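Visitor: This is data-v7.cif (mmCIF, C-alpha atoms).
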data_query
#
loop_
_atom_site.label_atom_id
_atom_site.label_comp_id
_atom_site.auth_asym_id
_atom_site.auth_seq_id
_atom_site.Cartn_x
_atom_site.Cartn_y
_atom_site.Cartn_z
CA MET A 1 118.19 113.17 115.05
CA ILE A 2 118.22 112.91 111.28
CA ASN A 3 120.91 115.25 109.98
CA ASN A 4 120.47 116.16 106.33
CA LYS A 5 120.10 118.99 103.83
CA LEU A 6 116.96 117.56 102.23
CA PHE A 7 114.32 118.52 104.80
CA LYS A 8 113.64 119.85 108.27
CA PHE A 9 110.64 119.78 110.58
CA VAL A 10 108.68 123.00 110.99
CA GLU A 11 105.53 124.09 112.76
CA HIS A 12 103.06 125.17 110.09
CA LYS A 13 101.84 128.70 110.77
CA ASP A 14 98.15 128.03 110.02
CA THR A 15 97.64 124.54 111.43
CA GLU A 16 100.30 124.64 114.20
CA GLU A 17 101.13 121.05 113.24
CA ILE A 18 104.61 119.71 112.70
CA ALA A 19 105.28 119.39 108.98
CA VAL A 20 108.14 118.68 106.57
CA CYS A 21 109.84 121.65 104.89
CA LEU A 22 111.99 120.79 101.88
CA LEU A 23 115.45 122.33 101.75
CA GLU A 24 118.01 123.15 99.05
CA GLU A 25 118.81 119.53 98.14
CA ALA A 26 115.13 119.07 97.19
CA GLY A 27 115.86 121.14 94.07
CA LYS A 28 112.85 122.87 92.54
CA PHE A 29 110.72 121.82 95.54
CA GLN A 30 112.79 123.86 98.01
CA GLY A 31 110.54 125.71 100.47
CA VAL A 32 107.56 123.40 99.98
CA ILE A 33 105.82 122.36 103.20
CA TYR A 34 103.71 119.20 103.50
CA ARG A 35 102.66 116.61 106.06
CA TYR A 36 102.20 112.88 105.86
CA GLY A 37 98.75 111.38 106.26
CA GLN A 38 97.86 107.72 106.38
CA VAL A 39 100.74 105.26 105.99
CA LYS A 40 99.99 101.62 105.13
CA LEU A 41 102.13 98.53 104.76
CA ALA A 42 100.91 95.88 102.30
CA ASN A 43 99.45 92.68 103.76
CA GLU A 44 101.38 90.42 101.40
CA GLU A 45 105.05 90.30 100.43
CA ASN A 46 106.25 90.83 96.88
CA ASP A 47 108.01 87.96 95.09
CA ASP A 48 111.36 89.32 96.25
CA GLY A 49 110.26 89.38 99.92
CA SER A 50 109.78 93.15 100.10
CA LEU A 51 106.60 94.91 101.18
CA ASN A 52 104.98 97.90 99.49
CA LEU A 53 104.38 101.00 101.56
CA THR A 54 101.65 103.43 100.56
CA TYR A 55 101.03 106.84 102.08
CA ASP A 56 99.02 110.01 101.74
CA TRP A 57 100.35 113.52 102.03
CA ASP A 58 98.72 116.92 102.45
CA MET A 59 100.19 120.05 100.87
CA LEU A 60 100.43 122.97 103.30
CA ASP A 61 102.49 125.45 101.29
CA THR A 62 103.48 125.09 97.61
CA ASN A 63 105.99 127.96 97.83
CA GLY A 64 104.46 129.36 94.64
CA ILE A 65 104.87 126.17 92.61
CA PRO A 66 101.76 125.20 90.57
CA LYS A 67 99.93 122.25 92.17
CA GLU A 68 100.18 120.07 89.05
CA GLU A 69 103.98 120.01 89.57
CA PHE A 70 103.45 117.79 92.62
CA TYR A 71 101.63 114.98 90.86
CA VAL A 72 104.77 113.72 89.14
CA GLU A 73 107.13 110.85 89.89
CA GLU A 74 109.91 113.21 90.99
CA PHE A 75 107.88 114.55 93.94
CA SER A 76 106.47 111.17 94.98
CA ASP A 77 109.99 109.70 94.91
CA LEU A 78 111.22 112.56 97.09
CA THR A 79 108.45 112.19 99.69
CA GLY A 80 108.99 108.42 99.67
CA VAL A 81 112.72 108.78 100.35
CA ILE A 82 112.02 111.14 103.24
CA LEU A 83 109.39 108.83 104.73
CA GLU A 84 111.83 105.94 104.45
CA MET A 85 114.47 108.02 106.27
CA LEU A 86 112.00 108.82 109.06
CA LEU A 87 110.94 105.20 109.50
CA GLU A 88 114.51 103.89 109.42
CA SER A 89 115.53 106.47 112.00
CA ALA A 90 112.67 105.42 114.28
CA ILE A 91 113.47 101.72 113.84
CA LYS A 92 117.12 102.34 114.72
CA LYS A 93 115.79 104.16 117.79
CA GLU A 94 117.57 107.35 116.84
CA ASN A 95 114.26 109.02 117.61
CA GLU A 96 111.01 108.01 119.21
CA LEU A 97 108.09 107.34 116.89
CA TYR A 98 104.70 108.72 117.87
CA VAL A 99 101.59 107.72 115.97
CA ASN A 100 98.32 109.61 116.36
CA ALA A 101 95.06 108.43 114.88
CA ASN A 102 92.35 111.05 114.45
CA SER A 103 88.89 109.63 114.93
CA GLY A 104 86.32 110.56 112.37
CA GLU A 105 85.05 109.67 108.94
CA ASN A 106 88.54 109.64 107.41
CA ASP A 107 90.93 108.33 110.03
CA ASN A 108 94.45 109.56 109.40
CA ILE A 109 97.66 108.41 110.94
CA SER A 110 100.34 111.01 111.45
CA ILE A 111 103.92 110.14 112.23
CA ALA A 112 106.20 112.53 114.04
CA LEU A 113 109.71 112.04 115.36
CA GLN A 114 110.80 113.83 118.51
#
Show me, as structure tokens, the structure contained in the file I just sent.
Guide:
Amino acid sequence: MINNKLFKFVEHKDTEEIAVCLLEEAGKFQGVIYRYGQVKLANEENDDGSLNLTYDWDMLDTNGIPKEEFYVEEFSDLTGVILEMLLESAIKKENELYVNANSGENDNISIALQ
């Protein structure tokens, strides 16, 4: 299991879904709860051989922080680092990776480690 002071998994009280809760090392975002939505890997490599990863996230609890605070580079960097940690952990088989696709107009992919 991923052992860190940046985040933990929680069950959100309203949706009963597993979400990410940011901890003390997340600084001003401590206590914020969100979940990942659709995650996509680019079809083509960059010049350096890397691939871009894009993802959506849904805010579940801002912990009193104004919503505009989340549309800044600092928060997107933080959620990106956490997603990278989750994917690396799954690839190293430290955890199993489960992917659920919800059928509907806006298909979402959710990733959860157990």
Visitor: Convert the output of the PyMOL selection byres ((chain A and resi 30) around 10) on the shown file into explicit residues, formatted as a list in words.
Guide: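 For this structure, the PyMOL selection byres ((chain A and resi 30) around 10) captures Leu6, Phe7, Cys21, Leu22, Leu23, Glu24, Glu25, Ala26, Gly27, Lys28, Phe29, Gly31, Val32, Ile33, Thr62, Asn63 and Ile65 of chain A.
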Visitor: As an exercise, work out the distance from atom CA of A:Asp58 to atom CA of A:Phe70 in Å and give it to one decimal place.
Guide: 10.9 Å
Visitor: For a test of reading the model, state the distance in Å between atom CA of A:Glu73 and atom CA of A:Leu86, rounded to one decimal.
Guide: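 About the pair atom CA of A:Glu73 and atom CA of A:Leu86: they are 19.9 Å apart.
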Visitor: Under the rule that all atoms listed in the file are counted, which of A:Val10, A:Met59, A:Leu78, A:Ala90 is the nearest residue to A:Gly37?
Guide: A:Met59
Visitor: Taking only C-alpha atoms into account, which of A:Ile91, A:Thr79, A:Pro66, A:Gln38 comes nearest A:Val20?
Guide: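 Distance minimum relative to A:Val20 lands on A:Thr79.
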Visitor: Between A:Glu84, A:Glu69, A:Tyr36, A:Glu74, single out the one closest to A:Asp56, counting only C-alpha atoms.
Guide: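 Among the listed residues, A:Tyr36 lies closest to A:Asp56.
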Visitor: Would you mind reading off the distance between atom CA of A:Ala42 and atom CA of A:Leu87, one decimal, in Å?
Guide: 15.5 Å
